[in-house]
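Taking it in order: structure first as structure tokens, then the write-up.
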Amino acid sequence: MDQDAITVQNVSKQFRLYHEKRDSIFEAATSFFQKKQHYEILHALDDVSFNVKHGEIFGIIGSNGAGKTTLLRIISKIYGPDSGSVNVQGTIIPVLALGLGFHPELTAVTNIYQSSVILGFNKNEISKRVDDIIKFAELEKFADTKVKNFSAGMQMRLAFSTSVLVDPDILLLDEVFAVGDVSFQKKCYDTIMDFKKRGKAIIYVSHDMTAVKSFCDTVMYLDKGKVGMIGKPKETVNAYIESLNKQDQKH
Amino acid sequence: MTTIREEMWKFKGILFNFAVSDLKIRYKNSVLGIIWSLVEPLLMLGVLFFVFSTMFKFEIENFPIYLLLGIICYNFFKNGTTFALNSLTNRSSLMTQIYFPRAIPGLSSGVTAAIMLLLELVVLGIFMVALEYTPPITILVLPLILALEFLLVLGMALPLSVLNVKFKDTEFIWMVVVHAGFFLTPIFYQFDMLPDYVQSVLQFSPVVQVVTMAHHVVLYGILPSVNSVLYAVGSTSIIVIIGYLIFRRYQVRIVEEI
């Protein structure tokens, strides 16, 4: 496998920031005659390019609103880029901050089925793994509890377990450790290292600089949608912190 | 080729998973569960039967069955399209977390409505037995008519699902259309009772044609006329094509708008 697991080339994404959102047909019709612009363009991502190899843990850091989550959403096809291209080799699973889009009114087990079906598994395959997923998440007592009654940590555990046990080729992790307890963090860490050994690619988004420095192979620093730097973890983290200090001095 | 087949397989899996979970969520925490889906059409039947057989003295043969069949056909259309309105917003958290084809929530609303239709058809069967009514052999054509209606429901559900995200008015407008449609469809009266000029307009409504054809095959032993079939298939095809074009235009940025 010579090809990189993820190739992102010159990706840009703009959002329309509506100041007064036009929600109704009437407003749309009236504003058609007014030349006034109701939105400004927000450059969420501006000409971002990078590669992630198989067996690499790629960290992404940056301040809030720098475009980290938007980037993950573009990689996992939820948003389409305005320009540029994304090439992904293999199955991909996003684990974004708040679970796998679990439905609050459905139980843990039903949600596992729903998410795995969307990720491309059939019922028999899932049935074999449901028990393992629940066990890994340490949620045996809550298998038939509705997800709306779960704490943030429990939801994250369920999401992480589901995505790990369906065994994807690429894992996208967005702030997943922020809510887990210490023992589960250890378990996640071990699993991620195991994934790495088996040649899977992982993108890890975090604000925890110690964690980023300790287990990423390469780190990218995003600055307001632009690539600030791509390089060794230590140097990139330092560059990021430096830029933050500079900003503080300006104020 | 295998990948296309796999994609279709996956698509189908998600579609049915959504359709079933929508039903589960809808009737969760209710004692009667899915039976509730039958209460509404039966209540409508009771009220309409009372009003039109005692107050207006309509003389339509086998009036209870005539009414129930019309209500069931119309309900299928109403349920499928109204479920579709909020199908995307109800799944907003899922849409922003995992990628899946944007057509699925809208289409699955149609499937949910189809499951409810099957249940209601069972009730219709029970009514026929209880009233000792033997339908003519032409009833075998009914599944084809309902299949055409299913296509119509899917063709409407798709654009409604994205339009309601884009313009919140869609829901209110559509509810008015659905209410007006109930009275403009020959459910508690016969199409022939309408003045000619009204008939010439309403014949373009695929729902009117579907309900009329259903009445013909279940109650009168008459096969649908070529005219009816042409109007029904024609208007349904136009709706499906326009619906798909609207959907395609709006689906690209739809997740960002949710």
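Within each chain, counting starts at residue 1; across the structure tokens, chains are named A, B, ... in the order shown, with ligands numbered 1 upward in that order.
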Kindly determine which residues of chain A lie within 7 Å of chain B, considering only C-alpha atoms, and give the answer as a ChimeraX atom specification. /A:23-25,76-78,94,96,100-102,105,114,117-118,120
Same residues, C-alpha atoms, saved as a tab-separated table (two decimals), in the first residue's frame:
```
chain	number	residue	atom	x	y	z
A	23	ASP	CA	-36.10	31.22	6.81
A	24	SER	CA	-39.34	31.83	5.06
A	25	ILE	CA	-40.35	31.94	1.44
A	76	SER	CA	-15.90	12.07	6.34
A	77	LYS	CA	-18.02	13.44	3.45
A	78	ILE	CA	-20.61	15.16	5.64
A	94	PRO	CA	-15.72	9.82	12.63
A	96	LEU	CA	-16.84	13.58	16.88
A	100	LEU	CA	-22.08	8.94	16.74
A	101	GLY	CA	-25.28	10.89	16.30
A	102	PHE	CA	-27.14	8.69	18.72
A	105	GLU	CA	-35.11	8.12	22.38
A	114	GLN	CA	-28.42	2.11	13.77
A	117	VAL	CA	-25.97	-0.12	9.69
A	118	ILE	CA	-25.19	3.39	8.48
A	120	GLY	CA	-22.22	-0.34	6.24
```
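With only C-alpha atoms taken into account, the protein and nucleic acid residues at most 9 Å from A:Leu71 (excluding it and anything under 4 positions from it in its own chain) are A:Val11, A:Lys13, A:Ala44, A:Leu45, A:Val48, A:Gly67, A:Ile75, A:Ser76, A:Tyr79.
Checking A:Cys188, A:Leu165, A:Asp181, A:Asp223 one by one against A:Lys128, counting only C-alpha atoms, you find the shortest gap at A:Leu165.
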What is the distance between atom CA of A:Asp46 and atom CA of A:Gly80, in Å to one decimal?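 Separating atom CA of A:Asp46 from atom CA of A:Gly80 is a distance of 13.9 Å.
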So which residues touch stretch 130-140 of chain B within 8 Å, counting only C-alpha atoms, skipping near sequence neighbours fewer than 2 positions away, as a VMD selection string? chain B and resid 126 to 128 142 to 143 217 to 223
Using only C-alpha atoms, can you tell me which of A:Thr70, A:Gln9, A:Thr107, A:Asn64 comes closest to A:Val86? A:Gln9
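Distance annotation: of B:Val39, B:Leu152, B:Met116, B:Leu85, the residue with the minimal separation from B:Ile173 is B:Leu85; atom set is only C-alpha atoms.
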Would you compute the distance between atom CA of B:Leu88 and atom CA of B:Ser161? Give it in Å to one decimal. 6.2 Å
Please, what distance in Å, to one decimal, runs between atom CA of A:Tyr221 and atom CA of A:Ser183? 28.8 Å
Name the residues in contact with B:Leu160 at a cut-off of 9 Å, using only C-alpha atoms, excluding same-chain residues fewer than 4 positions from it; report them as number ranges by chain. B: 81-82, 84-86, 106, 156, 164-165, 170-171, 174, 243, 247
Using only N, CA and C atoms, please write the residues we just selected to a file, as a PDB file, in the first residue's frame.
```
ATOM      1  N   THR B  81     -46.070  12.007   3.314  1.00  0.00           N
ATOM      2  CA  THR B  81     -45.552  13.337   3.017  1.00  0.00           C
ATOM      3  C   THR B  81     -45.334  14.157   4.290  1.00  0.00           C
ATOM      4  N   THR B  82     -46.227  14.041   5.268  1.00  0.00           N
ATOM      5  CA  THR B  82     -46.016  14.852   6.473  1.00  0.00           C
ATOM      6  C   THR B  82     -44.853  14.321   7.319  1.00  0.00           C
ATOM      7  N   ALA B  84     -42.232  13.150   6.134  1.00  0.00           N
ATOM      8  CA  ALA B  84     -41.018  13.569   5.429  1.00  0.00           C
ATOM      9  C   ALA B  84     -40.597  14.992   5.815  1.00  0.00           C
ATOM     10  N   LEU B  85     -41.597  15.837   6.145  1.00  0.00           N
ATOM     11  CA  LEU B  85     -41.297  17.242   6.413  1.00  0.00           C
ATOM     12  C   LEU B  85     -40.182  17.421   7.438  1.00  0.00           C
ATOM     13  N   ASN B  86     -40.274  16.680   8.539  1.00  0.00           N
ATOM     14  CA  ASN B  86     -39.272  16.856   9.588  1.00  0.00           C
ATOM     15  C   ASN B  86     -38.256  15.722   9.642  1.00  0.00           C
ATOM     16  N   GLY B 106     -36.011  11.112   3.875  1.00  0.00           N
ATOM     17  CA  GLY B 106     -37.260  11.382   3.173  1.00  0.00           C
ATOM     18  C   GLY B 106     -37.910  10.103   2.670  1.00  0.00           C
ATOM     19  N   MET B 156     -42.977  12.909  -3.604  1.00  0.00           N
ATOM     20  CA  MET B 156     -43.284  14.121  -2.854  1.00  0.00           C
ATOM     21  C   MET B 156     -42.396  14.231  -1.614  1.00  0.00           C
ATOM     22  N   ASN B 164     -38.265  21.752   3.563  1.00  0.00           N
ATOM     23  CA  ASN B 164     -38.646  22.188   4.899  1.00  0.00           C
ATOM     24  C   ASN B 164     -37.440  22.608   5.730  1.00  0.00           C
ATOM     25  N   VAL B 165     -36.247  22.144   5.361  1.00  0.00           N
ATOM     26  CA  VAL B 165     -35.036  22.620   6.046  1.00  0.00           C
ATOM     27  C   VAL B 165     -34.710  24.024   5.558  1.00  0.00           C
ATOM     28  N   THR B 170     -42.666  25.640   4.440  1.00  0.00           N
ATOM     29  CA  THR B 170     -43.109  24.458   3.706  1.00  0.00           C
ATOM     30  C   THR B 170     -44.095  23.642   4.529  1.00  0.00           C
ATOM     31  N   GLU B 171     -43.748  23.476   5.812  1.00  0.00           N
ATOM     32  CA  GLU B 171     -44.594  22.657   6.669  1.00  0.00           C
ATOM     33  C   GLU B 171     -46.016  23.216   6.758  1.00  0.00           C
ATOM     34  N   TRP B 174     -47.842  22.937   3.456  1.00  0.00           N
ATOM     35  CA  TRP B 174     -48.187  21.550   3.137  1.00  0.00           C
ATOM     36  C   TRP B 174     -49.362  21.060   3.973  1.00  0.00           C
ATOM     37  N   GLY B 243     -39.804  16.559  -8.333  1.00  0.00           N
ATOM     38  CA  GLY B 243     -39.384  16.340  -6.945  1.00  0.00           C
ATOM     39  C   GLY B 243     -37.916  15.997  -6.863  1.00  0.00           C
ATOM     40  N   PHE B 247     -34.930  18.151  -5.110  1.00  0.00           N
ATOM     41  CA  PHE B 247     -34.080  17.510  -4.113  1.00  0.00           C
ATOM     42  C   PHE B 247     -32.611  17.661  -4.482  1.00  0.00           C
TER      43      PHE B 247
END
```
Selection near stretch 177-179 of chain B, 10 Å with only C-alpha atoms, sequence-local residues under 5 positions removed, as a ChimeraX atom specification: /B:74-75,77-79,81-82,171-172,184
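Among the candidate residues B:Leu38, B:Leu67, B:Ile241, B:Val210, the one lying nearest to B:Val51 is B:Leu67, with distances computed using only C-alpha atoms.
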Pick the closest to B:Leu148 from B:Val122, B:Met175, B:Ala232, B:Val198: which is it, counting only C-alpha atoms?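 Using only C-alpha atoms, B:Leu148 sits closest to B:Ala232.
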List every residue of stretch 116-180 of chain A that DSSP, applied to the backbone of this structure, assigns to strand (DSSP E or B), and report them as a PyMOL selection string. chain A and resi 146+170-174
Those selected residues, please, written with C-alpha atoms and delivered as a short mmCIF file (atom, residue, chain, number, x, y, z; two decimals), in the first residue's frame.
```
data_model
loop_
_atom_site.label_atom_id
_atom_site.label_comp_id
_atom_site.auth_asym_id
_atom_site.auth_seq_id
_atom_site.Cartn_x
_atom_site.Cartn_y
_atom_site.Cartn_z
CA LYS A 146 -32.38 5.16 26.42
CA ILE A 170 -9.32 5.20 9.45
CA LEU A 171 -10.43 6.70 12.73
CA LEU A 172 -11.19 10.38 13.26
CA LEU A 173 -11.16 11.41 16.90
CA ASP A 174 -12.43 14.81 17.95
#
```
Identify, on the basis of only C-alpha atoms, every residue whose closest approach to A:Asn87 does not exceed 12 Å; exclude the query and any residue fewer than 3 positions from it along the same chain; express the result as a list in words.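 My reading of the contact set: Gln3, Asp4, Ala5, Ile6, Thr7, Val8, Gln9, Asn10, Val11, Ser49, Phe50, Asn51, Val52, Ile74, Ile75, Ser76, Lys77, Pro81, Gly84, Gly90, Thr91 and Ile92 of chain A.
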